[in-house]
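All remarks here apply to the structure that follows.
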Amino acid sequence: MKSMIALIKREYLEHRGAFLYAPIGLLAIFTLAIASALAFNKVRLPYEVGIPSALKFYELAFAFAGGLWFVYLMVALFFYYADAFSADRRNNAMFFWKSMPVTDFKVLSSKMLAGMTVFPALIFIALLATGMVLYFHTMLALVVMPRLVVPGILDVIWSSLRIGFFGLVYLALALLWYAPFYAWVGALSTVFRRWSIPLALLVPGLIGLLENLFFSDTGPGAGHFLGFLRQRADFSLDRRDIQAAFMSDQPVDIGILLNSLVGGIDWVQLAGGLIFAALAVYAASEYRRRVIST
Amino acid sequence: MSETAQRPAPIVSARGLRKHFGRTEILHGLEFDIPAGRIYGLVGHNGAGKTTTLNALLGLTSYEGTVRVLGKDPYRKRAELMENVAFISDVASLPRFLRVRELFALVSNIHPKFDQGKARAFLEGTDVRMEARIKHLSKGMIAQLHLAVVMAIDARLLVLDEPTLGLDITYRKRFYRRLLEDYMTGERTLLITTHQVDEIEFMLSDIMFIRDGDLVLHMRMETVSTKYAQLLVDPANVAAARALGPIYAETRFGQTAMVFDGVDRERLEALGAVSTPTLSDLFVALMQRTPGAGERR
């Protein structure tokens, strides 16, 4: 366990640029941009947008920021896995790692786990920091939207906690849902290094194409295989549930969102995906054990 | 008590060690034992199979035959083995994204036999600072750091594959001195390869020459001096010396030097000045080869 934690920390040290420094930079730029817009009175919000309270304004902004951070995390993780599984080859460092008493499976598992735990946690912290920034911006926004009522700090904290909790659950389940895709990219990276980036999409595309070539018109839409991938790529909530949770005078009802999320997941698919992910990491570790390439 | 019970098990044992790259055989059935507490030199030309042999011993590559290191199959049990084996590969580099302090902390948590205090002590008197990033260190400093890491591991077998490649003479001398003074004990075994054989000759207890995937010499250093002799032949005695069957002969500045294997020194002394060949002389004598001779299909 001690060595696994050390290896995960190593991943953090090697890849913190994308998950710590870049989010800090983005947040700083966002803060400055909004602050300058408010300071120089560039904000032109028509009252007709129908925002009933400053708290609702904050909730919508916070949830929207959560969505943006989620997209950022998913993209960053794709590039992380495409790099991390072959990063030990860089500068011939592979021989150093091979001189340590840890198995290749443990090393690759630590990379997989780092992408599923530490880096999402950092982005979640970035979301919470964004919430604080948004609160101050909400306060400033009231200067240009004087009809809105100033929200109490406790209301804002309560809203942040509820939306944050939902965000955390959504993030955890989304990571489990997409884990096989990331493991696939990582396994490809072990063999093909950064060529795994196009190959991760090209290989499934070719399989779908071959299916259409040899079994034309027998599958739904673009074929069974691509149809399955399309279904696996979708982890969105029902639009009506989102509207019901957000579009009211009341604070966001995360109960609706949680029910929609949990009820919409195909748990058998999720479990199958995790098994695929474990097998992909194992296959990659066997390749790494057998092939010393620097 | 039986003979096997009296003799301690070797640290390394290879039987019929073969390695193929594609259809080409690189190692041709090597057989050797390395006992504990010895300092072995493994010497050979570029492409002779030194690194492939070491990689097989370290579990870094597959092979045919039987190899046991500390009683374990290295290819199947590499991770377990590395608790008692430390190595520096010829092309190895430390992870460049870490600081020295971070590297020590990391290895402390991964390797149960790494002593961070020792590693720090080994770095005292060098220019390597704990806060320095490895990518900012010079090649010599990285080698010093790597050696400090390896020497701070309480391993039973240390394998060094061209550890001083590309370093200047001053550093190379310091490197080997520290290795002998600070690391080697009776319980530890050292296996080292280098092209600069003269620099490690003083510290070796045993020597192995590998040529084109075959072991052509494997003996204790003291045996080398009794088995082999170098003769600077008096010009009048060249024909007589040739009649004794030298394994190697060359003419330098008008004087003929010959290397003999197993010829009585008293007979040689009658023909000129006799000395023990240096390892590099012996290397030249024994390692004459035809390019591509080691590749078998």
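Ordering of the structure tokens sets the chain letters (A, B, ...), residue numbers begin anew at 1 in every chain, and ligands are numbered from 1 in the order given.
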
Produce a table with one row for each residue of chain A that has an atom at most 6 Å from any atom of chain B, each row naming the nearest atom pair and its distance in Å at one decimal; use only C-alpha atoms; arrange rows by chain and rising residue number; format as JSON lines.
{"residue": "A:Ser3", "atom": "CA", "partner": "B:Ile110", "partner_atom": "CA", "distance": 4.5}
{"residue": "A:Ala6", "atom": "CA", "partner": "B:Leu106", "partner_atom": "CA", "distance": 5.9}
{"residue": "A:Asn92", "atom": "CA", "partner": "B:Ala92", "partner_atom": "CA", "distance": 5.3}
{"residue": "A:Ala93", "atom": "CA", "partner": "B:Ser93", "partner_atom": "CA", "distance": 4.9}
{"residue": "A:Phe95", "atom": "CA", "partner": "B:Ala92", "partner_atom": "CA", "distance": 5.4}
{"residue": "A:Met100", "atom": "CA", "partner": "B:Met82", "partner_atom": "CA", "distance": 5.9}
{"residue": "A:Pro101", "atom": "CA", "partner": "B:Ala79", "partner_atom": "CA", "distance": 4.2}
{"residue": "A:Val102", "atom": "CA", "partner": "B:Ala79", "partner_atom": "CA", "distance": 4.9}
{"residue": "A:Thr103", "atom": "CA", "partner": "B:Ala79", "partner_atom": "CA", "distance": 5.2}

Based on the selection just made, write C-alpha atoms of those residues as a tab-separated table (two decimals), in the first residue's frame.
chain	number	residue	atom	x	y	z
A	3	SER	CA	4.53	1.79	-2.45
A	6	ALA	CA	4.25	6.58	-3.46
A	92	ASN	CA	15.65	5.85	-20.60
A	93	ALA	CA	14.09	6.10	-17.15
A	95	PHE	CA	15.57	0.93	-16.44
A	100	MET	CA	12.60	-1.00	-8.17
A	101	PRO	CA	10.86	-3.93	-6.45
A	102	VAL	CA	7.42	-3.24	-7.91
A	103	THR	CA	5.65	-5.21	-10.62

When you look at Arg220 in chain B with a cut-off of 7 Å (counting only C-alpha atoms), what residues show up, excluding the ones that are within fewer than 3 positions of it in the same chain? I need them as a PDB file with C-alpha atoms, in the first residue's frame.
ATOM      1  CA  SER B 205      38.335 -11.027  -8.193  1.00  0.00           C
ATOM      2  CA  ASP B 206      37.074 -12.842 -11.297  1.00  0.00           C
ATOM      3  CA  ILE B 207      36.888 -12.162 -14.988  1.00  0.00           C
ATOM      4  CA  THR B 223      44.565 -17.908 -12.060  1.00  0.00           C
ATOM      5  CA  VAL B 224      45.021 -15.502 -14.946  1.00  0.00           C
TER       6      VAL B 224
END

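One finds CA of Leu157 in chain B at 18.7 Å from CA of Glu31 in chain B.
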
> Residues of range 200-239 of chain B in helix (DSSP H, G or I) according to DSSP, as a PyMOL selection string?
Replying inline: chain B and resi 200-203+221-227+235-239

Residues of the last selection are to be written out with N, CA and C atoms, as a short mmCIF file (atom, residue, chain, number, x, y, z; two decimals), in the first residue's frame.
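For reference, selection_39.cif as written:
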data_model
loop_
_atom_site.label_atom_id
_atom_site.label_comp_id
_atom_site.auth_asym_id
_atom_site.auth_seq_id
_atom_site.Cartn_x
_atom_site.Cartn_y
_atom_site.Cartn_z
N ILE B 200 39.24 -1.18 -14.07
CA ILE B 200 38.60 -2.00 -13.03
C ILE B 200 39.42 -3.23 -12.67
N GLU B 201 40.55 -3.40 -13.38
CA GLU B 201 41.35 -4.62 -13.18
C GLU B 201 41.78 -4.78 -11.72
N PHE B 202 42.13 -3.66 -11.09
CA PHE B 202 42.65 -3.72 -9.72
C PHE B 202 41.63 -4.23 -8.72
N MET B 203 40.35 -4.08 -9.04
CA MET B 203 39.34 -4.43 -8.05
C MET B 203 38.68 -5.79 -8.31
N MET B 221 41.12 -14.04 -10.95
CA MET B 221 42.21 -13.19 -11.42
C MET B 221 43.57 -13.80 -11.10
N GLU B 222 43.68 -14.46 -9.94
CA GLU B 222 44.98 -15.05 -9.59
C GLU B 222 45.33 -16.20 -10.55
N THR B 223 44.31 -16.83 -11.09
CA THR B 223 44.57 -17.91 -12.06
C THR B 223 45.07 -17.33 -13.38
N VAL B 224 44.59 -16.14 -13.70
CA VAL B 224 45.02 -15.50 -14.95
C VAL B 224 46.54 -15.37 -14.96
N SER B 225 47.08 -14.95 -13.82
CA SER B 225 48.53 -14.71 -13.78
C SER B 225 49.33 -16.01 -13.84
N THR B 226 48.76 -17.13 -13.41
CA THR B 226 49.50 -18.40 -13.52
C THR B 226 49.28 -19.05 -14.87
N LYS B 227 48.12 -18.84 -15.47
CA LYS B 227 47.79 -19.52 -16.72
C LYS B 227 48.36 -18.79 -17.94
N PRO B 235 64.87 -10.70 -30.33
CA PRO B 235 64.78 -10.89 -31.78
C PRO B 235 65.33 -12.23 -32.25
N ALA B 236 66.33 -12.71 -31.61
CA ALA B 236 66.94 -13.96 -32.06
C ALA B 236 66.08 -15.18 -31.73
N ASN B 237 65.10 -15.00 -30.82
CA ASN B 237 64.34 -16.16 -30.35
C ASN B 237 62.91 -16.21 -30.90
N VAL B 238 62.60 -15.39 -31.88
CA VAL B 238 61.21 -15.32 -32.37
C VAL B 238 60.73 -16.68 -32.88
N ALA B 239 61.56 -17.34 -33.65
CA ALA B 239 61.14 -18.63 -34.22
C ALA B 239 60.91 -19.65 -33.11
#

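CA of Tyr58 in chain A to CA of Ser160 in chain A spans 9.0 Å [interatomic distance, one decimal].
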
>> Could you pull out the strand (DSSP E) residues of range 157-255 of chain B, going by DSSP on the backbone, and write them as an NGL selection string?
In response: :B and (157-161 or 189-193 or 206-211 or 214-220 or 228-233 or 248-252 or 255)

>> Would you compute the distance between CA of Arg15 in chain B and CA of Pro163 in chain B? Give it in Å to one decimal.
In response: 26.5 Å

> Of the residues A:Leu188, A:Ala84, A:Ala233, A:Val143, which is the one nearest to Leu108 in chain A, using only C-alpha atoms?
Replying inline: A:Ala84

Find the residues around Leu147 in chain B up to 12 Å (only C-alpha atoms counted), leave out those fewer than 5 positions away in its own chain, and share them as a PDB file with C-alpha atoms, in the first residue's frame.
ATOM      1  CA  PHE A  96      15.410   2.925 -13.227  1.00  0.00           C
TER       2      PHE A  96
ATOM      3  CA  ALA B  86      20.432  -3.257  -7.457  1.00  0.00           C
ATOM      4  CA  PHE B  87      21.574  -2.246 -10.898  1.00  0.00           C
ATOM      5  CA  ILE B  88      22.598   0.617 -13.092  1.00  0.00           C
ATOM      6  CA  SER B  89      22.022  -0.011 -16.785  1.00  0.00           C
ATOM      7  CA  ALA B  92      19.693   4.165 -17.542  1.00  0.00           C
ATOM      8  CA  SER B  93      18.676   7.606 -16.478  1.00  0.00           C
ATOM      9  CA  LEU B  94      16.909   8.848 -13.410  1.00  0.00           C
ATOM     10  CA  LYS B 118      23.035   6.709   3.546  1.00  0.00           C
ATOM     11  CA  ALA B 119      22.102   8.169   0.181  1.00  0.00           C
ATOM     12  CA  ARG B 120      22.360  11.696   1.572  1.00  0.00           C
ATOM     13  CA  ALA B 121      25.710  10.833   3.134  1.00  0.00           C
ATOM     14  CA  PHE B 122      27.011   9.535  -0.193  1.00  0.00           C
ATOM     15  CA  LEU B 123      26.131  12.865  -1.775  1.00  0.00           C
ATOM     16  CA  GLY B 140      28.505  13.346 -14.011  1.00  0.00           C
ATOM     17  CA  MET B 141      26.236  14.594 -11.242  1.00  0.00           C
ATOM     18  CA  ILE B 142      23.432  12.302 -12.392  1.00  0.00           C
ATOM     19  CA  ALA B 152      22.075   3.152  -0.273  1.00  0.00           C
ATOM     20  CA  ILE B 153      20.190  -0.041  -1.127  1.00  0.00           C
ATOM     21  CA  LEU B 158      24.939  -5.102  -7.534  1.00  0.00           C
ATOM     22  CA  VAL B 159      25.032  -5.094 -11.333  1.00  0.00           C
ATOM     23  CA  LEU B 160      26.692  -2.200 -13.123  1.00  0.00           C
ATOM     24  CA  PRO B 163      28.317   2.750 -15.157  1.00  0.00           C
ATOM     25  CA  THR B 164      30.934   5.338 -16.066  1.00  0.00           C
ATOM     26  CA  TYR B 171      35.123  10.932 -11.931  1.00  0.00           C
ATOM     27  CA  ARG B 172      35.622   7.334 -13.039  1.00  0.00           C
ATOM     28  CA  ARG B 174      36.353   8.371  -7.719  1.00  0.00           C
ATOM     29  CA  PHE B 175      33.393   6.231  -8.731  1.00  0.00           C
ATOM     30  CA  TYR B 176      35.278   2.950  -8.391  1.00  0.00           C
ATOM     31  CA  ARG B 178      33.768   4.806  -3.478  1.00  0.00           C
ATOM     32  CA  LEU B 179      32.313   1.568  -4.699  1.00  0.00           C
ATOM     33  CA  ASP B 182      31.886   2.420   0.895  1.00  0.00           C
ATOM     34  CA  TYR B 183      29.866  -0.413  -0.548  1.00  0.00           C
TER      35      TYR B 183
END

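Using only C-alpha atoms, the protein and nucleic acid residues lying no more than 12 Å from Leu68 in chain A, apart from those fewer than 6 places from it along its own chain, are Pro23, Leu26, Leu27, Ala61, Phe62, Met74, Val75, Ile123, Phe124, Ala126, Leu127, Thr130 and Gly167 of chain A.
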
Could you save the residues just selected, with C-alpha atoms, as a compact mmCIF listing (two decimals), in the first residue's frame?
# COMPACT_ATOMS: atom_id res chain seq x y z
CA PRO A 23 -6.40 24.95 -13.59
CA LEU A 26 -7.33 29.18 -15.97
CA LEU A 27 -9.06 30.21 -12.75
CA ALA A 61 -23.11 29.83 -12.77
CA PHE A 62 -21.67 27.26 -10.35
CA MET A 74 -12.22 14.39 -19.39
CA VAL A 75 -10.03 15.84 -22.15
CA ILE A 123 -10.23 19.47 -10.57
CA PHE A 124 -13.01 19.18 -8.00
CA ALA A 126 -10.69 23.84 -8.68
CA LEU A 127 -14.50 23.76 -9.00
CA THR A 130 -14.43 28.61 -8.81
CA GLY A 167 -20.99 17.02 -8.90

Each residue of range 7-91 of chain A lying at most 12 Å from range 274-287 of chain A should get a row with its shortest atom-to-atom pair and the distance in Å to one decimal, counting only C-alpha atoms; could you produce that, ordered by chain and increasing number, as a tab-separated table?
residue	atom	partner	partner_atom	distance
A:Tyr81	CA	A:Val281	CA	11.2
A:Phe85	CA	A:Ala284	CA	8.5
A:Ser86	CA	A:Ala284	CA	10.1

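For the choices B:Ser280, B:Gln116, B:Gln230, B:Thr251, the atom-to-atom distance to Asp264 in chain B is smallest for B:Gln230 when using only C-alpha atoms.
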
> Contacts of Phe70 in chain A at 12 Å or less, counting only C-alpha atoms, minus same-chain residues fewer than 2 places along, as an MDAnalysis selection string?
Replying inline: chainID A and resid 23 63:68 72:77 119:127 167:168 170:172 174:175 235:236

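Of the listed residues B:Leu244, B:Ile39, B:Met219, B:Ala14, the one whose atoms come nearest to Glu187 in chain B is B:Ile39, with distances taken using only C-alpha atoms.
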